[in-house]
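Q: Let me give you the structure first, and then I'll get to my questions.
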Amino acid sequence: MKELNYPFDADYILTKKRIIKRQLLNDTSGMIQKNVAILGGYTTNDIRLILELFLLNYGIKAEFYESEYNQFYQDAVFDNNKLEKFKPDIIYICTSNRNVMRYPSLEDGADIIENILESEISKYRSIWDSIETRYGCPIIQNNFEMPFYRLMGNRDANDIHGRVNYLSRLNMAFYEYSQTHENFYICDINYISADYGLREWSDPFYYYMYKYALNVNAIPYLAFNVANIIKSIFGKNKKGFVLDLDNTLWGGVIGDDGVDNIVLGTEDGEGQAYLEFQKYIKEHMDLGVVLNINSKNEFENVLSGLKHPDSVLTKEDFVLIKANWSSKDENFAAIANSLNLLPESLLFIDDNPAERQIVTRQLPEVISPEIGKVYQYIQRIDRGGYFEVTTLSADDYNRNAMYKENLKRAELQAEYKDYSEYLRTLEMKAVVRPFESVYFSRIAQLTNKSNQFNVTTKRYTQKEIEYVAADMNYITLYGKLADKFGDNGVVTAVIGHVIDDICHLDLWVMSCRVLKRDMEFVMMDILVRECKKRGILEIRGYYYPTPKNKLVKDFYEIQGFSKINEDEEQNSKWSFKIDDKYEYKNKVIQVEG
C-alpha cells in the first residue's frame, strides 16, 4: 500500500489506521503467519496497532501478545503460561531511557558507577538469556535514546556522571551482546529519535499524560523500523535495484547534452550530490544487492556515461543493462525474468514520476519510491528500509558476480538444442551434507528468501535451524553447487521430520539462481539414500500453494511421488514409497562422495 511506503504521512496513518487495516485484510493470500510478542516498558497499544499495519503491508499477518504496562521484565524472566502458549516467533522488547533503574549521581565514584552500570546491563542480559532458553525465538531490543535534558550541558557526554555518557555506555553493552548472539537485533531508537528530532520525540507531555515514552506522532516511525527488522528476518527484503540514468545517476540528459555536459563530480553542489548518490548505490553491492539499469537511451550513450571520469559506477557493476526505447515496465519485467526473480523483489529508482507510475501500474507489486530532489535521494531510499540487514553471509558479498555467472550460463544454453547436453557442458559439482553450524545462518536466510521454489512455504529462524540440526528425529540436508563459471554456494535445503517409518518433508527450498539445473534430483537421490539408512519406508511431501510458488506445483509428481489428496485450496499431500528398485535421477552433476 502506497500510504505505508516511506516517506509516509504519520498523522494519516494514526487517524486512518482502522480503515487501512480493513483494506490490507481484503487479500491475505500468500501472507505468512507470525506470532509477535511485545514486552513493553511503557504504553504500547498504538505501537502494536501501527506495527500490525506495516507488517501486513510486507505480507506478514501477525497475531500479537502484549504485556501489561511496564511488565517486560516479569513477562520475560518468570513463568508465563500465557506467553508460552502463545509460542512467539519474535519477541520485541519495547523499552526506553524511562526504564533505566538508576542513573549516576554527581557524588558517585567511578567504582559505584561501574556497579550501577553492571546492575542495569545484568537486568537486560537476564531478560535476553531467559527468552533464549524459554522461547528460542529472535529478540528485537530497543537501545536507549538520549535524555531529554543534560544536567551538565555538553559535559554530560564525556563526564562519567552524565546521563548522556551513561546511556551511551549502556548502548555499547547492548551492541557487544548483539555481536555474539545471532538471533538478537537492535532497534536503534537512539538514531531514529535523533532523525525525528529528539526534542519532539521525547516531549514529556506524552509520558506524563499517557505513559508513552515517545511522542504519539512518532509512533509510525518506530513501528516502521521494527517492521523492517521483522520483514528482513523473514526474507521480505528487496534483492536489487533497477535504476534509471538521466537525472537519477547523473544530472542532465546524456543523449541531448553529451557526456561532457552531464552534471557529475565535485565541481558544483549538484554534481557532488549525484556523485555521493552513486557511491551510496555502489555500497549496496557489499550487501548482496543486485544492480541493474533500465534507461530510455542508446546503449552507446549509457556506456559513455559510465565511463565519465567522475563516475563511481562502471559497466562492470551492473548485472543487466536495458538501454533502448521500449517501455520501462517491459524492460523491468525482462530484467526480473533474466535474473529468475519476481518483479517485486526489485526496487525501481527513477526521478520521473510518469515512468514510476507506468511501471507500478503494469507491475502493481513493484515499489518505486518518490525520491524528491537529488540531495534527498539517499535519505528517501535509506529511510525506506528496503534492504534492512539482519544477516550477512559470504554469498551476499558475491551475489552480483553469481548473477553475472548465471547470465553466462544462459548464453551458453542458447548454443545447445539438447538441454541435457548443455547441462553436461557446465561441469557441475555438488556437495550435499547434513546441516553444519558454519552454514546455519545461510540456510536460515535461504528458507526466508526463497519464494518460488518453496513447496511448504515454511520459514525458519537460525535458532530453529540449530534445533532441527541437533534433533535425531529430523533428516537435514543442504546442497552446494559449483560449475565452470563459478561457485553458487549453498543453494538448497531439505528438512524431513521422521515419525515411525515415515519421513515428512517440512521444508524443501532452492535458490532461484540454480533453477532447472537438476539440483533437485541430486537432493532427492541423497534424501532417499539417507531414508534407507534409517529404515524409512515412505517419504511424505506437502505442497501449500501461494501466488509465488506455482513453479513447484508439479514438483512431487516429477520426483515420482503419488498424490494422496488435495483440498479445495489446492493444498496437496504426496507419497513416495521407498524400495530397492529406486533409480537415481541425477545424470549430470558430479556429487562429492
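Naming scheme: A, B, ... for chains in displayed order of the C-alpha cells; residues 1 onward per chain; ligands 1 onward as shown.
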Residues of stretch 206-363 of chain A in strand (DSSP E) according to DSSP, as a list in words?
A: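 Listing strand (DSSP E) positions across stretch 206-363 of chain A yields Gly240, Phe241, Val242, Leu243, Val290, Leu291, Asn292, Ile293, Asn294, Ser295, Lys296, Leu320, Ile321, Lys322, Ala323, Asn324, Leu346, Leu347, Phe348 and Ile349 of chain A.
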Q: List as JSON lines every residue of stretch 319-392 of chain A that is in contact with stretch 273-294 of chain A, defined as an atom at most 10 Å from one of its atoms (using only C-alpha atoms), together with the nearest atom pair and the distance in Å rounded to one decimal, sorted by chain and then rising number.
A:
```
{"residue": "A:Val319", "atom": "CA", "partner": "A:Asn292", "partner_atom": "CA", "distance": 5.7}
{"residue": "A:Leu320", "atom": "CA", "partner": "A:Asn292", "partner_atom": "CA", "distance": 5.0}
{"residue": "A:Ile321", "atom": "CA", "partner": "A:Ile293", "partner_atom": "CA", "distance": 4.6}
{"residue": "A:Lys322", "atom": "CA", "partner": "A:Asn294", "partner_atom": "CA", "distance": 4.9}
{"residue": "A:Ala323", "atom": "CA", "partner": "A:Asn294", "partner_atom": "CA", "distance": 6.1}
{"residue": "A:Asn324", "atom": "CA", "partner": "A:Asn294", "partner_atom": "CA", "distance": 8.4}
{"residue": "A:Ser326", "atom": "CA", "partner": "A:Asn294", "partner_atom": "CA", "distance": 9.8}
{"residue": "A:Ser327", "atom": "CA", "partner": "A:Asn294", "partner_atom": "CA", "distance": 9.6}
{"residue": "A:Lys328", "atom": "CA", "partner": "A:Asn294", "partner_atom": "CA", "distance": 6.6}
{"residue": "A:Asp329", "atom": "CA", "partner": "A:Asn294", "partner_atom": "CA", "distance": 9.2}
{"residue": "A:Glu330", "atom": "CA", "partner": "A:Asn294", "partner_atom": "CA", "distance": 9.8}
{"residue": "A:Asn331", "atom": "CA", "partner": "A:Asn294", "partner_atom": "CA", "distance": 6.5}
{"residue": "A:Phe332", "atom": "CA", "partner": "A:Asn294", "partner_atom": "CA", "distance": 6.8}
{"residue": "A:Ile335", "atom": "CA", "partner": "A:Asn292", "partner_atom": "CA", "distance": 7.8}
{"residue": "A:Ala336", "atom": "CA", "partner": "A:Asn292", "partner_atom": "CA", "distance": 9.8}
{"residue": "A:Leu339", "atom": "CA", "partner": "A:Val290", "partner_atom": "CA", "distance": 9.6}
{"residue": "A:Leu346", "atom": "CA", "partner": "A:Val290", "partner_atom": "CA", "distance": 8.6}
{"residue": "A:Leu347", "atom": "CA", "partner": "A:Leu291", "partner_atom": "CA", "distance": 9.9}
{"residue": "A:Phe348", "atom": "CA", "partner": "A:Asn294", "partner_atom": "CA", "distance": 8.8}
{"residue": "A:Ile349", "atom": "CA", "partner": "A:Asn294", "partner_atom": "CA", "distance": 9.3}
{"residue": "A:Asp350", "atom": "CA", "partner": "A:Asn294", "partner_atom": "CA", "distance": 9.1}
{"residue": "A:Lys373", "atom": "CA", "partner": "A:Ala273", "partner_atom": "CA", "distance": 9.8}
{"residue": "A:Val374", "atom": "CA", "partner": "A:Ala273", "partner_atom": "CA", "distance": 6.3}
{"residue": "A:Tyr375", "atom": "CA", "partner": "A:Ala273", "partner_atom": "CA", "distance": 5.7}
{"residue": "A:Gln376", "atom": "CA", "partner": "A:Ala273", "partner_atom": "CA", "distance": 9.0}
{"residue": "A:Tyr377", "atom": "CA", "partner": "A:Phe277", "partner_atom": "CA", "distance": 7.0}
{"residue": "A:Ile378", "atom": "CA", "partner": "A:Phe277", "partner_atom": "CA", "distance": 6.2}
{"residue": "A:Gln379", "atom": "CA", "partner": "A:Phe277", "partner_atom": "CA", "distance": 9.9}
{"residue": "A:Ile381", "atom": "CA", "partner": "A:Ile281", "partner_atom": "CA", "distance": 9.9}
{"residue": "A:Asp382", "atom": "CA", "partner": "A:Tyr280", "partner_atom": "CA", "distance": 9.3}
{"residue": "A:Phe387", "atom": "CA", "partner": "A:Val289", "partner_atom": "CA", "distance": 7.9}
{"residue": "A:Glu388", "atom": "CA", "partner": "A:Leu287", "partner_atom": "CA", "distance": 9.7}
{"residue": "A:Val389", "atom": "CA", "partner": "A:Leu287", "partner_atom": "CA", "distance": 7.9}
{"residue": "A:Thr391", "atom": "CA", "partner": "A:Leu287", "partner_atom": "CA", "distance": 9.5}
{"residue": "A:Leu392", "atom": "CA", "partner": "A:Leu287", "partner_atom": "CA", "distance": 7.1}
```
Q: Which residues are close to A:Phe205, i.e. within 12 Å by only C-alpha atoms, leaving aside same-chain residues fewer than 4 positions away? Reply as a PyMOL selection string.
A: chain A and resi 148+199-201+209-216
Q: Export C-alpha atoms of the chosen residues as a PDB file, in the first residue's frame?
A:
```pdb
ATOM      1  CA  PHE A 148      15.590  14.934  27.138  1.00  0.00           C
ATOM      2  CA  ARG A 199      13.126  17.370  21.428  1.00  0.00           C
ATOM      3  CA  GLU A 200       9.888  16.306  19.730  1.00  0.00           C
ATOM      4  CA  TRP A 201      10.436  12.558  20.198  1.00  0.00           C
ATOM      5  CA  MET A 209      -0.392  12.152  30.345  1.00  0.00           C
ATOM      6  CA  TYR A 210      -0.428   8.729  28.639  1.00  0.00           C
ATOM      7  CA  LYS A 211       2.720   6.901  29.826  1.00  0.00           C
ATOM      8  CA  TYR A 212       4.118   6.859  26.278  1.00  0.00           C
ATOM      9  CA  ALA A 213       7.904   7.247  26.265  1.00  0.00           C
ATOM     10  CA  LEU A 214       7.752   8.967  22.884  1.00  0.00           C
ATOM     11  CA  ASN A 215       5.611  11.480  21.078  1.00  0.00           C
ATOM     12  CA  VAL A 216       2.481   9.685  19.816  1.00  0.00           C
TER      13      VAL A 216
END
```
Q: Just how far from atom CA of A:Gly153 is atom CA of A:Met101, in Å to one decimal?
A: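 Between atom CA of A:Met101 and atom CA of A:Gly153 the gap is 22.1 Å.
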Q: Could you list, as a PDB file with C-alpha atoms, in the first residue's frame, every residue within 8 Å of A:Pro545, counting only C-alpha atoms and ignoring same-chain residues fewer than 2 positions away?
A:
```
ATOM      1  CA  VAL A 455       6.940 -26.261  -1.532  1.00  0.00           C
ATOM      2  CA  THR A 456       5.762 -25.886   2.081  1.00  0.00           C
ATOM      3  CA  TYR A 543       2.554 -28.594  -1.215  1.00  0.00           C
ATOM      4  CA  PRO A 547       0.864 -16.727  -5.657  1.00  0.00           C
ATOM      5  CA  LYS A 548       4.668 -17.058  -5.841  1.00  0.00           C
ATOM      6  CA  ASN A 549       5.396 -20.807  -5.741  1.00  0.00           C
ATOM      7  CA  LYS A 550       3.363 -22.086  -8.696  1.00  0.00           C
ATOM      8  CA  LYS A 553       3.093 -27.224  -8.281  1.00  0.00           C
ATOM      9  CA  GLU A 569      -7.433 -24.596  -1.823  1.00  0.00           C
ATOM     10  CA  GLN A 570      -5.104 -26.959  -3.759  1.00  0.00           C
ATOM     11  CA  ASN A 571      -3.089 -27.894  -0.680  1.00  0.00           C
TER      12      ASN A 571
END
```
Q: Could you name the residues that touch A:Ala37 at 7 Å or less, counting only C-alpha atoms, but leaving out those on the same chain fewer than 3 positions away, as a list in words?
A: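 My reading of the contact set: Phe64, Tyr65, Glu66, Pro88, Ile90, Ile91 and Tyr92 of chain A.
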Q: Could you pull the residues within 7 Å of stretch 2-10 of chain A, counting only C-alpha atoms, minus those fewer than 6 positions along the same chain, as JSON, numbers by chain?
A: {"A": [54, 217, 220, 380, 383, 384]}
Q: Could you check how far atom CA of A:Gly136 sits from atom CA of A:Tyr185, in Å to one decimal?
A: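 Spanning atom CA of A:Gly136 to atom CA of A:Tyr185 is a straight-line distance of 13.8 Å.
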Q: Please list as a ChimeraX atom specification every residue within 10 Å of A:Ser96, counting only C-alpha atoms and excluding residues in the same chain fewer than 6 positions away.
A: /A:40-42,141-147,189-190,212-214
Q: Would you mind exporting N, CA, C and O atoms of the selected residues as a PDB file, in the first residue's frame?
A:
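Generated file (out_8.pdb):
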```pdb
ATOM      1  N   GLY A  40       6.531  -4.488  26.871  1.00  0.00           N
ATOM      2  CA  GLY A  40       6.730  -3.049  26.921  1.00  0.00           C
ATOM      3  C   GLY A  40       7.112  -2.509  28.276  1.00  0.00           C
ATOM      4  O   GLY A  40       6.643  -2.976  29.305  1.00  0.00           O
ATOM      5  N   GLY A  41       7.959  -1.480  28.233  1.00  0.00           N
ATOM      6  CA  GLY A  41       8.302  -0.744  29.446  1.00  0.00           C
ATOM      7  C   GLY A  41       7.433   0.478  29.622  1.00  0.00           C
ATOM      8  O   GLY A  41       7.605   1.236  30.579  1.00  0.00           O
ATOM      9  N   TYR A  42       6.516   0.689  28.699  1.00  0.00           N
ATOM     10  CA  TYR A  42       5.577   1.799  28.774  1.00  0.00           C
ATOM     11  C   TYR A  42       4.360   1.418  27.942  1.00  0.00           C
ATOM     12  O   TYR A  42       4.248   0.274  27.488  1.00  0.00           O
ATOM     13  N   GLN A 141      15.412  -5.687  20.460  1.00  0.00           N
ATOM     14  CA  GLN A 141      15.564  -4.886  21.675  1.00  0.00           C
ATOM     15  C   GLN A 141      15.833  -3.432  21.312  1.00  0.00           C
ATOM     16  O   GLN A 141      16.757  -3.130  20.573  1.00  0.00           O
ATOM     17  N   ASN A 142      15.024  -2.515  21.838  1.00  0.00           N
ATOM     18  CA  ASN A 142      15.351  -1.097  21.704  1.00  0.00           C
ATOM     19  C   ASN A 142      16.647  -0.789  22.443  1.00  0.00           C
ATOM     20  O   ASN A 142      16.854  -1.283  23.564  1.00  0.00           O
ATOM     21  N   ASN A 143      17.510   0.013  21.832  1.00  0.00           N
ATOM     22  CA  ASN A 143      18.569   0.611  22.636  1.00  0.00           C
ATOM     23  C   ASN A 143      17.996   1.846  23.328  1.00  0.00           C
ATOM     24  O   ASN A 143      16.773   1.998  23.421  1.00  0.00           O
ATOM     25  N   PHE A 144      18.844   2.747  23.813  1.00  0.00           N
ATOM     26  CA  PHE A 144      18.351   3.902  24.560  1.00  0.00           C
ATOM     27  C   PHE A 144      18.536   5.192  23.770  1.00  0.00           C
ATOM     28  O   PHE A 144      19.623   5.456  23.248  1.00  0.00           O
ATOM     29  N   GLU A 145      17.473   5.987  23.708  1.00  0.00           N
ATOM     30  CA  GLU A 145      17.585   7.326  23.151  1.00  0.00           C
ATOM     31  C   GLU A 145      18.283   8.225  24.172  1.00  0.00           C
ATOM     32  O   GLU A 145      18.343   7.910  25.366  1.00  0.00           O
ATOM     33  N   MET A 146      18.828   9.317  23.723  1.00  0.00           N
ATOM     34  CA  MET A 146      19.497  10.240  24.632  1.00  0.00           C
ATOM     35  C   MET A 146      18.461  10.928  25.543  1.00  0.00           C
ATOM     36  O   MET A 146      17.284  11.030  25.202  1.00  0.00           O
ATOM     37  N   PRO A 147      18.890  11.411  26.714  1.00  0.00           N
ATOM     38  CA  PRO A 147      17.947  12.019  27.665  1.00  0.00           C
ATOM     39  C   PRO A 147      17.374  13.326  27.136  1.00  0.00           C
ATOM     40  O   PRO A 147      17.983  13.985  26.294  1.00  0.00           O
ATOM     41  N   ILE A 189      16.633   3.086  18.403  1.00  0.00           N
ATOM     42  CA  ILE A 189      15.844   4.297  18.666  1.00  0.00           C
ATOM     43  C   ILE A 189      16.742   5.482  19.000  1.00  0.00           C
ATOM     44  O   ILE A 189      16.291   6.637  18.943  1.00  0.00           O
ATOM     45  N   ASN A 190      17.999   5.218  19.341  1.00  0.00           N
ATOM     46  CA  ASN A 190      18.931   6.324  19.531  1.00  0.00           C
ATOM     47  C   ASN A 190      19.084   7.107  18.225  1.00  0.00           C
ATOM     48  O   ASN A 190      19.062   8.344  18.211  1.00  0.00           O
ATOM     49  N   TYR A 212       3.361   7.176  27.494  1.00  0.00           N
ATOM     50  CA  TYR A 212       4.118   6.859  26.278  1.00  0.00           C
ATOM     51  C   TYR A 212       5.500   7.486  26.418  1.00  0.00           C
ATOM     52  O   TYR A 212       5.611   8.669  26.773  1.00  0.00           O
ATOM     53  N   ALA A 213       6.539   6.732  26.138  1.00  0.00           N
ATOM     54  CA  ALA A 213       7.904   7.247  26.265  1.00  0.00           C
ATOM     55  C   ALA A 213       8.350   8.004  25.020  1.00  0.00           C
ATOM     56  O   ALA A 213       9.513   8.390  24.923  1.00  0.00           O
ATOM     57  N   LEU A 214       7.450   8.198  24.082  1.00  0.00           N
ATOM     58  CA  LEU A 214       7.752   8.967  22.884  1.00  0.00           C
ATOM     59  C   LEU A 214       6.497   9.718  22.457  1.00  0.00           C
ATOM     60  O   LEU A 214       5.376   9.364  22.852  1.00  0.00           O
TER      61      LEU A 214
END
```
